[in-house]
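J.: File name final17.cif; file contents mmCIF, C-alpha atoms; full text below.
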data_protein
loop_
_atom_site.label_atom_id
_atom_site.label_comp_id
_atom_site.auth_asym_id
_atom_site.auth_seq_id
_atom_site.Cartn_x
_atom_site.Cartn_y
_atom_site.Cartn_z
CA MET A 1 -221.65 190.22 35.35
CA SER A 2 -218.76 191.13 33.07
CA PRO A 3 -218.49 194.82 32.11
CA SER A 4 -218.00 193.71 28.51
CA SER A 5 -221.66 192.69 28.41
CA MET A 6 -222.87 196.26 29.00
CA GLU A 7 -225.04 197.57 26.17
CA VAL A 8 -227.29 200.54 25.49
CA ASP A 9 -230.14 200.73 22.98
CA VAL A 10 -230.45 204.18 21.40
CA TRP A 11 -232.02 206.23 18.65
CA ALA A 12 -229.92 206.61 15.51
CA GLY A 13 -227.73 209.57 14.69
CA LYS A 14 -228.11 212.14 11.95
CA TRP A 15 -226.60 215.52 11.03
CA ASP A 16 -223.21 214.50 12.48
CA LEU A 17 -224.82 213.63 15.82
CA PRO A 18 -224.16 210.19 17.38
CA SER A 19 -227.88 210.21 18.27
CA VAL A 20 -230.60 212.78 17.66
CA ASP A 21 -232.15 212.06 21.06
CA GLN A 22 -231.08 214.17 24.03
CA GLN A 23 -231.32 211.38 26.62
CA CYS A 24 -229.42 208.96 24.39
CA LEU A 25 -226.69 211.57 23.91
CA GLN A 26 -226.33 211.92 27.68
CA ILE A 27 -225.61 208.25 28.21
CA MET A 28 -223.40 207.91 25.13
CA ALA A 29 -221.30 210.94 26.09
CA TYR A 30 -220.92 209.90 29.71
CA ALA A 31 -219.88 206.38 28.70
CA LYS A 32 -217.13 207.93 26.61
CA PHE A 33 -216.04 210.24 29.44
CA CYS A 34 -215.75 207.50 32.06
CA GLY A 35 -214.26 204.89 29.72
CA ALA A 36 -217.01 202.30 30.23
CA PRO A 37 -216.92 199.55 27.56
CA ILE A 38 -220.54 199.89 26.50
CA LYS A 39 -221.76 198.49 23.21
CA VAL A 40 -224.15 200.88 21.45
CA ASN A 41 -227.12 199.30 19.66
CA VAL A 42 -229.02 201.55 17.26
CA THR A 43 -232.45 199.93 17.64
CA ASN A 44 -234.84 202.82 16.89
CA ASN A 45 -237.54 200.82 18.63
CA PRO A 46 -238.77 201.77 22.12
CA PHE A 47 -241.50 199.11 22.12
CA TRP A 48 -239.51 196.63 24.24
CA SER A 49 -238.21 199.26 26.64
CA PRO A 50 -239.41 198.99 30.27
CA SER A 51 -240.29 202.70 30.16
CA GLY A 52 -241.60 202.73 26.58
CA SER A 53 -238.75 205.00 25.49
CA LEU A 54 -235.05 205.00 24.65
CA PRO A 55 -232.30 204.76 25.80
CA VAL A 56 -232.18 201.45 27.65
CA PHE A 57 -228.94 200.47 29.38
CA ARG A 58 -228.52 196.72 29.90
CA ASN A 59 -226.01 194.54 31.67
CA GLY A 60 -227.22 190.97 31.93
CA LYS A 61 -230.60 191.08 33.68
CA ASP A 62 -230.09 194.67 34.84
CA LYS A 63 -232.02 197.28 32.85
CA ILE A 64 -231.77 201.04 33.43
CA THR A 65 -233.59 203.83 31.60
CA SER A 66 -232.61 206.98 33.52
CA PHE A 67 -229.31 208.84 33.24
CA GLN A 68 -228.66 209.32 36.95
CA SER A 69 -229.37 205.64 37.67
CA MET A 70 -226.89 204.67 34.96
CA VAL A 71 -224.23 207.01 36.43
CA SER A 72 -224.69 205.40 39.84
CA TYR A 73 -224.59 201.91 38.32
CA LEU A 74 -221.38 202.59 36.41
CA ASP A 75 -219.87 204.12 39.52
CA SER A 76 -220.53 200.83 41.34
CA LYS A 77 -218.60 199.10 38.54
CA LYS A 78 -215.63 201.49 39.02
CA TYR A 79 -216.42 203.64 35.97
CA SER A 80 -216.88 207.26 36.95
CA ALA A 81 -216.19 210.66 35.39
CA ASP A 82 -217.18 212.41 38.65
CA LEU A 83 -214.60 210.77 40.88
CA LYS A 84 -212.64 213.97 41.52
CA LEU A 85 -215.64 216.22 42.12
CA THR A 86 -216.03 217.72 45.57
CA PRO A 87 -219.40 217.62 47.39
CA LEU A 88 -219.86 221.30 46.53
CA GLN A 89 -219.21 220.64 42.84
CA LYS A 90 -221.65 217.72 42.87
CA SER A 91 -224.27 220.04 44.36
CA GLU A 92 -223.59 222.49 41.56
CA CYS A 93 -224.02 219.71 39.01
CA PHE A 94 -227.42 218.95 40.50
CA ALA A 95 -228.46 222.62 40.48
CA ILE A 96 -227.42 223.24 36.87
CA ASN A 97 -229.16 220.05 35.76
CA LYS A 98 -232.39 221.25 37.37
CA LEU A 99 -231.97 224.62 35.66
CA LEU A 100 -231.66 222.89 32.29
CA GLU A 101 -234.67 220.69 32.95
CA GLY A 102 -236.84 223.63 33.97
CA LYS A 103 -235.73 226.31 31.48
CA LEU A 104 -234.06 224.76 28.43
CA HIS A 105 -235.78 221.40 28.11
CA PRO A 106 -239.32 222.81 27.56
CA ALA A 107 -238.09 225.09 24.76
CA ILE A 108 -236.27 222.23 23.04
CA LEU A 109 -239.32 219.99 23.40
CA TYR A 110 -241.42 222.75 21.85
CA THR A 111 -238.95 223.14 18.98
CA TRP A 112 -238.96 219.42 18.12
CA TRP A 113 -242.59 218.44 18.65
CA VAL A 114 -244.94 221.42 19.10
CA ASP A 115 -243.70 223.86 16.47
CA GLU A 116 -245.87 222.84 13.51
CA THR A 117 -243.35 223.62 10.78
CA ASN A 118 -240.52 221.71 12.44
CA TYR A 119 -242.77 218.77 13.25
CA ILE A 120 -244.15 218.41 9.71
CA GLU A 121 -240.96 219.15 7.79
CA LEU A 122 -238.32 217.49 9.99
CA THR A 123 -239.32 215.69 13.19
CA ARG A 124 -242.11 213.42 11.99
CA PRO A 125 -240.42 212.46 8.68
CA TRP A 126 -237.19 211.51 10.45
CA TYR A 127 -238.81 209.37 13.14
CA ALA A 128 -241.14 207.77 10.58
CA SER A 129 -238.11 206.83 8.50
CA VAL A 130 -236.18 205.05 11.26
CA LEU A 131 -238.99 203.39 13.24
CA PRO A 132 -239.94 199.87 12.09
CA LEU A 133 -243.43 199.09 10.88
CA PRO A 134 -246.02 199.43 12.35
CA PHE A 135 -244.51 201.63 15.09
CA ASN A 136 -243.71 204.46 12.65
CA TYR A 137 -247.47 205.10 12.53
CA TYR A 138 -247.77 205.33 16.30
CA TYR A 139 -244.78 206.82 18.08
CA PRO A 140 -244.38 210.18 16.28
CA GLY A 141 -247.99 211.06 17.04
CA ARG A 142 -247.66 209.85 20.60
CA TYR A 143 -244.52 211.91 21.22
CA GLU A 144 -246.21 214.96 19.72
CA ARG A 145 -249.22 214.56 22.04
CA ASP A 146 -247.00 213.98 25.08
CA ALA A 147 -244.99 217.12 24.32
CA LYS A 148 -248.12 219.24 23.92
CA VAL A 149 -249.52 217.98 27.22
CA TYR A 150 -246.19 218.70 28.93
CA ILE A 151 -246.14 222.27 27.62
CA GLU A 152 -249.83 222.87 28.34
CA THR A 153 -249.39 221.95 32.01
CA MET A 154 -246.96 224.87 32.36
CA PHE A 155 -249.51 227.51 31.26
CA LEU A 156 -253.14 228.50 31.58
CA GLU A 157 -255.58 226.64 29.36
CA ASP A 158 -256.51 229.71 27.31
CA GLU A 159 -252.94 230.99 26.91
CA ASP A 160 -252.15 232.17 23.40
CA GLN A 161 -249.64 230.04 21.49
CA SER A 162 -247.44 233.02 20.65
CA VAL A 163 -247.27 233.97 24.34
CA ILE A 164 -246.23 230.43 25.24
CA GLU A 165 -243.52 230.38 22.59
CA THR A 166 -242.17 233.78 23.65
CA HIS A 167 -242.04 232.77 27.30
CA LEU A 168 -240.28 229.46 26.59
CA LEU A 169 -237.78 231.14 24.30
CA SER A 170 -237.00 233.87 26.83
CA ASP A 171 -236.33 231.37 29.63
CA ALA A 172 -234.18 229.21 27.36
CA GLU A 173 -232.07 232.15 26.17
CA LYS A 174 -231.43 233.23 29.75
CA CYS A 175 -230.42 229.65 30.57
CA LEU A 176 -227.95 229.53 27.65
CA THR A 177 -226.46 232.85 28.74
CA SER A 178 -226.00 231.53 32.29
CA LEU A 179 -224.27 228.41 30.93
CA SER A 180 -221.96 230.53 28.81
CA VAL A 181 -221.00 232.70 31.79
CA ARG A 182 -220.44 229.63 34.00
CA LEU A 183 -218.24 227.88 31.43
CA GLY A 184 -216.14 230.96 30.74
CA ASP A 185 -212.83 230.12 29.07
CA GLU A 186 -212.61 226.59 30.43
CA ASN A 187 -212.72 223.54 28.19
CA TYR A 188 -215.19 221.83 30.53
CA PHE A 189 -217.31 222.95 33.45
CA PHE A 190 -214.96 221.61 36.13
CA GLY A 191 -211.57 221.95 34.54
CA LYS A 192 -209.70 219.90 31.99
CA SER A 193 -211.73 216.68 32.16
CA PRO A 194 -215.41 216.23 31.29
CA THR A 195 -217.88 215.09 33.95
CA SER A 196 -221.53 214.06 34.05
CA LEU A 197 -222.49 217.74 33.87
CA ASP A 198 -220.61 218.11 30.58
CA ALA A 199 -222.47 215.07 29.23
CA ILE A 200 -225.80 216.63 30.22
CA VAL A 201 -225.01 220.05 28.75
CA TYR A 202 -223.65 218.50 25.54
CA SER A 203 -226.84 216.46 25.09
CA TYR A 204 -228.90 219.67 25.16
CA LEU A 205 -226.65 221.85 23.05
CA ALA A 206 -225.41 219.51 20.31
CA PRO A 207 -228.83 219.08 18.61
CA LEU A 208 -229.36 222.86 18.75
CA VAL A 209 -226.04 223.33 16.96
CA LYS A 210 -226.40 220.63 14.32
CA VAL A 211 -230.07 219.89 13.54
CA PRO A 212 -231.35 221.95 10.57
CA PHE A 213 -234.61 223.09 12.13
CA GLN A 214 -236.90 225.07 9.86
CA GLN A 215 -237.63 227.43 12.74
CA CYS A 216 -235.40 227.75 15.82
CA ALA A 217 -234.59 231.13 17.32
CA LEU A 218 -232.51 229.39 20.00
CA GLN A 219 -229.93 228.45 17.38
CA ASN A 220 -229.20 232.11 16.70
CA HIS A 221 -228.81 232.83 20.40
CA LEU A 222 -226.51 229.84 20.84
CA LYS A 223 -224.34 231.02 17.94
CA ALA A 224 -223.86 234.27 19.87
CA CYS A 225 -222.19 232.22 22.65
CA PRO A 226 -218.88 231.19 21.02
CA ASN A 227 -217.60 229.32 24.08
CA LEU A 228 -220.67 227.04 24.05
CA MET A 229 -220.26 226.45 20.31
CA ALA A 230 -216.61 225.54 20.91
CA PHE A 231 -217.68 223.29 23.80
CA VAL A 232 -219.95 221.27 21.51
CA SER A 233 -217.32 221.11 18.78
CA ARG A 234 -214.64 219.99 21.26
CA ILE A 235 -216.66 217.03 22.54
CA SER A 236 -217.88 216.04 19.06
CA ARG A 237 -214.34 215.99 17.65
CA GLY A 238 -212.73 214.41 20.68
CA TYR A 239 -215.27 211.71 21.53
CA PHE A 240 -217.50 211.24 18.46
CA PRO A 241 -215.23 211.76 15.45
CA LEU A 242 -217.08 209.22 13.30
CA VAL A 243 -220.73 209.14 12.35
CA SER A 244 -222.34 205.97 10.99
CA ASP A 245 -222.85 206.18 7.23
CA ALA A 246 -226.09 204.28 7.66
CA THR A 247 -227.60 207.22 9.55
CA LYS A 248 -225.56 210.05 8.10
CA ASN A 249 -226.85 209.60 4.57
CA ILE A 250 -230.56 209.63 5.33
CA ASN A 251 -232.17 212.00 2.84
CA LEU A 252 -235.19 213.88 4.17
CA GLU A 253 -236.66 214.29 0.69
CA LYS A 254 -236.55 210.52 0.32
CA VAL A 255 -238.10 210.23 3.76
CA LYS A 256 -241.00 212.41 2.66
CA GLU A 257 -241.49 210.23 -0.42
CA ILE A 258 -241.61 207.17 1.84
CA GLU A 259 -244.13 208.87 4.13
CA LEU A 260 -246.34 209.72 1.12
CA ARG A 261 -246.13 206.14 -0.10
CA ASN A 262 -247.02 204.91 3.40
CA LYS A 263 -250.05 207.22 3.41
CA ARG A 264 -251.21 205.71 0.12
CA LEU A 265 -250.71 202.24 1.56
CA ARG A 266 -252.78 203.16 4.60
CA ASN A 267 -255.59 204.34 2.32
CA ALA A 268 -255.33 201.14 0.29
CA PHE A 269 -255.44 199.01 3.46
CA SER A 270 -258.49 200.97 4.66
CA PHE A 271 -260.28 200.29 1.37
CA LEU A 272 -259.39 196.59 1.47
CA PHE A 273 -260.52 196.34 5.09
CA ALA A 274 -263.86 197.97 4.23
CA LEU A 275 -264.26 195.67 1.22
CA ALA A 276 -263.46 192.60 3.32
CA SER A 277 -265.93 193.72 6.00
CA MET A 278 -268.73 194.15 3.47
CA THR A 279 -267.93 190.80 1.85
CA GLY A 280 -267.90 189.10 5.22
CA PHE A 281 -271.20 190.70 6.16
CA ALA A 282 -272.77 189.54 2.89
CA LEU A 283 -271.48 186.00 3.34
CA TYR A 284 -272.72 185.95 6.90
CA ASN A 285 -276.21 187.02 5.79
CA ASN A 286 -276.27 184.33 3.09
CA ILE A 287 -275.16 181.65 5.52
CA TYR A 288 -277.71 182.87 8.07
CA GLN A 289 -280.51 182.73 5.51
CA ASP A 290 -279.42 179.27 4.38
CA ALA A 291 -279.44 178.11 7.99
CA ARG A 292 -282.99 179.41 8.47
CA LEU A 293 -284.14 177.61 5.34
CA SER A 294 -282.44 174.42 6.50
CA ARG A 295 -284.20 174.58 9.87
CA ARG A 296 -287.59 175.07 8.21
CA PHE A 297 -286.94 172.22 5.80
CA ALA A 298 -286.00 169.95 8.69
CA THR A 299 -289.22 170.89 10.52
CA LYS A 300 -291.27 170.09 7.41
CA LEU A 301 -289.50 166.77 7.01
CA GLU A 302 -290.31 165.82 10.59
CA ARG A 303 -293.96 166.59 9.97
CA ILE A 304 -293.95 164.31 6.91
CA LYS A 305 -292.34 161.52 8.93
CA ASP A 306 -295.00 161.93 11.63
CA ARG A 307 -297.73 161.63 8.97
CA TRP A 308 -296.32 158.44 7.48
CA ARG A 309 -295.87 156.89 10.92
CA GLY A 310 -299.54 157.49 11.51
CA SER A 311 -299.01 160.23 14.04
CA PRO A 312 -301.55 163.06 14.17
CA VAL A 313 -300.70 165.87 11.85
CA SER A 314 -300.31 169.21 13.56
CA PRO A 315 -302.82 171.91 12.59
CA ASP A 316 -300.20 174.11 10.91
CA PHE A 317 -298.98 171.32 8.64
CA PHE A 318 -300.61 172.96 5.65
CA ALA A 319 -299.28 176.40 6.53
CA PRO A 320 -296.79 177.95 4.03
CA SER A 321 -293.56 176.02 4.38
CA PHE A 322 -291.18 178.98 4.17
CA GLU A 323 -293.14 181.72 5.81
CA GLU A 324 -291.03 184.46 7.33
CA GLU A 325 -290.64 183.99 11.06
#
Using structure tokens, write down the structure from this file.
T.:
Amino acid sequence: MSPSSMEVDVWAGKWDLPSVDQQCLQIMAYAKFCGAPIKVNVTNNPFWSPSGSLPVFRNGKDKITSFQSMVSYLDSKKYSADLKLTPLQKSECFAINKLLEGKLHPAILYTWWVDETNYIELTRPWYASVLPLPFNYYYPGRYERDAKVYIETMFLEDEDQSVIETHLLSDAEKCLTSLSVRLGDENYFFGKSPTSLDAIVYSYLAPLVKVPFQQCALQNHLKACPNLMAFVSRISRGYFPLVSDATKNINLEKVKEIELRNKRLRNAFSFLFALASMTGFALYNNIYQDARLSRRFATKLERIKDRWRGSPVSPDFFAPSFEEE
């Protein structure tokens, strides 16, 4: 299969981000670093994804949804940003990635989907604005529930919400400090050229730098790490200098107006559905009653025919014709 047929379906960008989604950013950044000719499709629709989420990397019949699988696949096609890494450096990449997954990822998930203010004012309106109907009524709520379940599995059932938030924030801040110390004065984590680790770190940090969360203490801590801020800026300027106008100009106030209008439409549809149900029930009852009357009339007619043919008349012939059964 020709490399030119490689494509990736992603969530849209906003706030000068090529995509607001962390996993989409990973793949998009790594594709830039290794020079793979991948066409980016802003679909905003995970319904057709094999995993039920984005991104989805495709090349002919091949479909990949995980970052590490995509890195291995591109490596098999002679596109690699990790070619010069030693086995020890690759082990370090793995270790830092696990650190990010265990310490930074839960806090970011909490910031996007569990923090009530952020979810109501920013997360849900944005996803509702880019998802096609009817999925904009389903996926934001699903992602919120999934995030809450993920966070709840990390703590006791009766753990106070403020305790959970404090714990997640503390772990995430320590993780950011460790990243800052590891990066030091270097442009990238392993020298002058970015690798898969830089793509992973960028995907976590860039949204923290650029998304205007209503509440996000991590942003203040990240701003206190100037080398990490410069790291994000360096990759954004060098590899993503342009942001699509179609996603850049989304107005959240307009999004909220759309969401309010959609809520009114849902209420209108509910009323119409209830009205149609009652009408259908009434019609069904009328048809049922008519059918009962028709059956009784047919029975009476048969009795009359029997009488005129000289057949014995049944004892209940003179009973009320339309007596309730």
J.: Which residues would end up in the selection if the PyMOL selection byres ((chain A and resi 190) around 12) were applied here, given that I need the answer as a ChimeraX atom specification?
T.: /A:81-86,88-90,92-93,182-189,191-198
J.: For each of A:Met6, A:Tyr139, A:Phe213, A:Cys175, take the minimum atom-to-atom distance to Arg58 (chain A), counting all atoms listed in the file, then give the residue where this is smallest.
T.: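 For Arg58 (chain A), the nearest of the candidates is A:Met6.
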J.: Work out how far CA of Pro125 (chain A) is from CA of Glu144 (chain A), in Å to one decimal.
T.: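 Atom-to-atom, CA of Glu144 (chain A) and CA of Pro125 (chain A) are spaced 12.7 Å apart.
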J.: Can you spell out as a PDB file with C-alpha atoms, in the coordinates of the input the set of residues that the PyMOL selection byres ((chain A and resi 207) around 10) selects in the structure I just provided?
T.:
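Saved the output as expr_32.pdb:
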ATOM      1  CA  LYS A  14    -228.110 212.140  11.950  1.00  0.00           C
ATOM      2  CA  TRP A  15    -226.600 215.520  11.030  1.00  0.00           C
ATOM      3  CA  ASP A  16    -223.210 214.500  12.480  1.00  0.00           C
ATOM      4  CA  LEU A  17    -224.820 213.630  15.820  1.00  0.00           C
ATOM      5  CA  SER A  19    -227.880 210.210  18.270  1.00  0.00           C
ATOM      6  CA  VAL A  20    -230.600 212.780  17.660  1.00  0.00           C
ATOM      7  CA  ASP A  21    -232.150 212.060  21.060  1.00  0.00           C
ATOM      8  CA  GLN A  22    -231.080 214.170  24.030  1.00  0.00           C
ATOM      9  CA  LEU A  25    -226.690 211.570  23.910  1.00  0.00           C
ATOM     10  CA  ILE A 108    -236.270 222.230  23.040  1.00  0.00           C
ATOM     11  CA  TYR A 202    -223.650 218.500  25.540  1.00  0.00           C
ATOM     12  CA  SER A 203    -226.840 216.460  25.090  1.00  0.00           C
ATOM     13  CA  TYR A 204    -228.900 219.670  25.160  1.00  0.00           C
ATOM     14  CA  LEU A 205    -226.650 221.850  23.050  1.00  0.00           C
ATOM     15  CA  ALA A 206    -225.410 219.510  20.310  1.00  0.00           C
ATOM     16  CA  LEU A 208    -229.360 222.860  18.750  1.00  0.00           C
ATOM     17  CA  VAL A 209    -226.040 223.330  16.960  1.00  0.00           C
ATOM     18  CA  LYS A 210    -226.400 220.630  14.320  1.00  0.00           C
ATOM     19  CA  VAL A 211    -230.070 219.890  13.540  1.00  0.00           C
ATOM     20  CA  PRO A 212    -231.350 221.950  10.570  1.00  0.00           C
ATOM     21  CA  PHE A 213    -234.610 223.090  12.130  1.00  0.00           C
ATOM     22  CA  GLN A 219    -229.930 228.450  17.380  1.00  0.00           C
ATOM     23  CA  VAL A 232    -219.950 221.270  21.510  1.00  0.00           C
TER      24      VAL A 232
END
J.: Calculate how many Å separate CA of Pro106 (chain A) from CA of Phe33 (chain A), rounding to one decimal.
T.: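 CA of Phe33 (chain A) lies at a distance of 26.5 Å from CA of Pro106 (chain A).
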J.: Return as AutoDock Vina command-line options the box centre and box size in Å, one decimal, for an axis-aligned box around all listed atoms of region 222-230 of chain A padded by 8 Å per side.
T.:
--center_x -221.6 --center_y 229.9 --center_z 21.0 --size_x 25.9 --size_y 24.7 --size_z 22.1
J.: Take CA of Leu133 (chain A) and CA of Gln214 (chain A) and report the distance between them in Å, one decimal.
T.: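 That distance, rounded to one decimal, is 26.8 Å.
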J.: Can you list what the PyMOL selection byres ((chain A and resi 215) around 12) grabs from this structure, as a PyMOL selection string?
T.: chain A and resi 108+110-123+165+208+211-214+216-220
J.: Could you write those residues out with C-alpha atoms, as a tab-separated table (two decimals), in the coordinates of the input?
T.:
chain	number	residue	atom	x	y	z
A	108	ILE	CA	-236.27	222.23	23.04
A	110	TYR	CA	-241.42	222.75	21.85
A	111	THR	CA	-238.95	223.14	18.98
A	112	TRP	CA	-238.96	219.42	18.12
A	113	TRP	CA	-242.59	218.44	18.65
A	114	VAL	CA	-244.94	221.42	19.10
A	115	ASP	CA	-243.70	223.86	16.47
A	116	GLU	CA	-245.87	222.84	13.51
A	117	THR	CA	-243.35	223.62	10.78
A	118	ASN	CA	-240.52	221.71	12.44
A	119	TYR	CA	-242.77	218.77	13.25
A	120	ILE	CA	-244.15	218.41	9.71
A	121	GLU	CA	-240.96	219.15	7.79
A	122	LEU	CA	-238.32	217.49	9.99
A	123	THR	CA	-239.32	215.69	13.19
A	165	GLU	CA	-243.52	230.38	22.59
A	208	LEU	CA	-229.36	222.86	18.75
A	211	VAL	CA	-230.07	219.89	13.54
A	212	PRO	CA	-231.35	221.95	10.57
A	213	PHE	CA	-234.61	223.09	12.13
A	214	GLN	CA	-236.90	225.07	9.86
A	216	CYS	CA	-235.40	227.75	15.82
A	217	ALA	CA	-234.59	231.13	17.32
A	218	LEU	CA	-232.51	229.39	20.00
A	219	GLN	CA	-229.93	228.45	17.38
A	220	ASN	CA	-229.20	232.11	16.70
J.: May I ask which of the residues A:His221, A:Gly13, A:Pro140, A:Thr153 is the closest one to Leu169 (chain A), counting all atoms listed in the file?
T.: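 Distance minimum relative to Leu169 (chain A) lands on A:His221.
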J.: Show me, as a ChimeraX atom specification, the residues that have an atom within 12 Å of Lys39 (chain A) when counting all atoms listed in the file, minus same-chain residues fewer than 5 positions from it.
T.: /A:3-10,27-28,31-32,56-59
J.: Would you please work out which residue, of A:Asn45, A:Tyr79, A:Arg237, A:Cys225, is nearest to Ser129 (chain A) when using all atoms listed in the file?
T.: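 The shortest atom-to-atom distance to Ser129 (chain A) comes from A:Asn45.
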J.: When you count all atoms listed in the file, which of these residues is closest to Leu168 (chain A): A:Ile151, A:Ala199, A:Ala107, A:Leu131?
T.: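 Of the candidates, the smallest distance to Leu168 (chain A) is held by A:Ala107.
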J.: Rank A:Lys103, A:Lys98, A:Lys63, A:Lys77 by their smallest atom-to-atom distance to Ile200 (chain A), using all atoms listed in the file, and report the top residue only.
T.: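 Selected residue with least distance to Ile200 (chain A): A:Lys98.
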J.: Here is a test: counting all atoms listed in the file, which residue of A:Thr177, A:Thr43, A:Ser76, A:Asn97 is nearest to Pro55 (chain A)?
T.: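 Closest to Pro55 (chain A) of all the choices is A:Thr43.
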J.: Since the input lacks atoms, please generate N, CA, C and O atoms for region 9-23 of chain A and provide them as an mmCIF file, in the coordinates of the input.
T.:
data_model
loop_
_atom_site.group_PDB
_atom_site.id
_atom_site.type_symbol
_atom_site.label_atom_id
_atom_site.label_comp_id
_atom_site.auth_asym_id
_atom_site.auth_seq_id
_atom_site.Cartn_x
_atom_site.Cartn_y
_atom_site.Cartn_z
ATOM 1 N N ASP A 9 -229.321 200.588 24.184
ATOM 2 C CA ASP A 9 -230.140 200.730 22.980
ATOM 3 C C ASP A 9 -230.503 202.202 22.812
ATOM 4 O O ASP A 9 -230.992 202.840 23.765
ATOM 5 N N VAL A 10 -230.277 202.736 21.612
ATOM 6 C CA VAL A 10 -230.450 204.180 21.400
ATOM 7 C C VAL A 10 -231.160 204.459 20.079
ATOM 8 O O VAL A 10 -231.323 203.577 19.235
ATOM 9 N N TRP A 11 -231.558 205.734 19.934
ATOM 10 C CA TRP A 11 -232.020 206.230 18.650
ATOM 11 C C TRP A 11 -230.798 206.487 17.756
ATOM 12 O O TRP A 11 -229.714 206.777 18.253
ATOM 13 N N ALA A 12 -231.010 206.426 16.475
ATOM 14 C CA ALA A 12 -229.920 206.610 15.510
ATOM 15 C C ALA A 12 -229.428 208.051 15.502
ATOM 16 O O ALA A 12 -230.046 208.956 16.061
ATOM 17 N N GLY A 13 -228.292 208.234 14.864
ATOM 18 C CA GLY A 13 -227.730 209.570 14.690
ATOM 19 C C GLY A 13 -228.063 210.138 13.329
ATOM 20 O O GLY A 13 -228.471 209.430 12.402
ATOM 21 N N LYS A 14 -227.872 211.424 13.202
ATOM 22 C CA LYS A 14 -228.110 212.140 11.950
ATOM 23 C C LYS A 14 -227.507 213.525 12.111
ATOM 24 O O LYS A 14 -227.335 214.008 13.233
ATOM 25 N N TRP A 15 -227.152 214.166 11.010
ATOM 26 C CA TRP A 15 -226.600 215.520 11.030
ATOM 27 C C TRP A 15 -225.316 215.597 11.872
ATOM 28 O O TRP A 15 -225.113 216.536 12.646
ATOM 29 N N ASP A 16 -224.478 214.578 11.746
ATOM 30 C CA ASP A 16 -223.210 214.500 12.480
ATOM 31 C C ASP A 16 -223.403 214.378 13.983
ATOM 32 O O ASP A 16 -222.485 214.674 14.765
ATOM 33 N N LEU A 17 -224.570 213.926 14.406
ATOM 34 C CA LEU A 17 -224.820 213.630 15.820
ATOM 35 C C LEU A 17 -224.765 212.114 16.023
ATOM 36 O O LEU A 17 -225.283 211.362 15.197
ATOM 37 N N PRO A 18 -224.154 211.643 17.113
ATOM 38 C CA PRO A 18 -224.160 210.190 17.380
ATOM 39 C C PRO A 18 -225.561 209.663 17.640
ATOM 40 O O PRO A 18 -225.847 208.495 17.416
ATOM 41 N N SER A 19 -226.459 210.528 18.129
ATOM 42 C CA SER A 19 -227.880 210.210 18.270
ATOM 43 C C SER A 19 -228.628 211.533 18.261
ATOM 44 O O SER A 19 -228.140 212.544 18.768
ATOM 45 N N VAL A 20 -229.823 211.541 17.691
ATOM 46 C CA VAL A 20 -230.600 212.780 17.660
ATOM 47 C C VAL A 20 -231.329 213.009 18.979
ATOM 48 O O VAL A 20 -231.831 214.104 19.227
ATOM 49 N N ASP A 21 -231.382 211.984 19.815
ATOM 50 C CA ASP A 21 -232.150 212.060 21.060
ATOM 51 C C ASP A 21 -231.294 212.589 22.199
ATOM 52 O O ASP A 21 -230.177 212.112 22.424
ATOM 53 N N GLN A 22 -231.834 213.535 22.945
ATOM 54 C CA GLN A 22 -231.080 214.170 24.030
ATOM 55 C C GLN A 22 -230.696 213.182 25.122
ATOM 56 O O GLN A 22 -229.563 213.171 25.606
ATOM 57 N N GLN A 23 -231.621 212.326 25.541
ATOM 58 C CA GLN A 23 -231.320 211.380 26.620
ATOM 59 C C GLN A 23 -230.315 210.316 26.168
ATOM 60 O O GLN A 23 -229.481 209.873 26.963
#
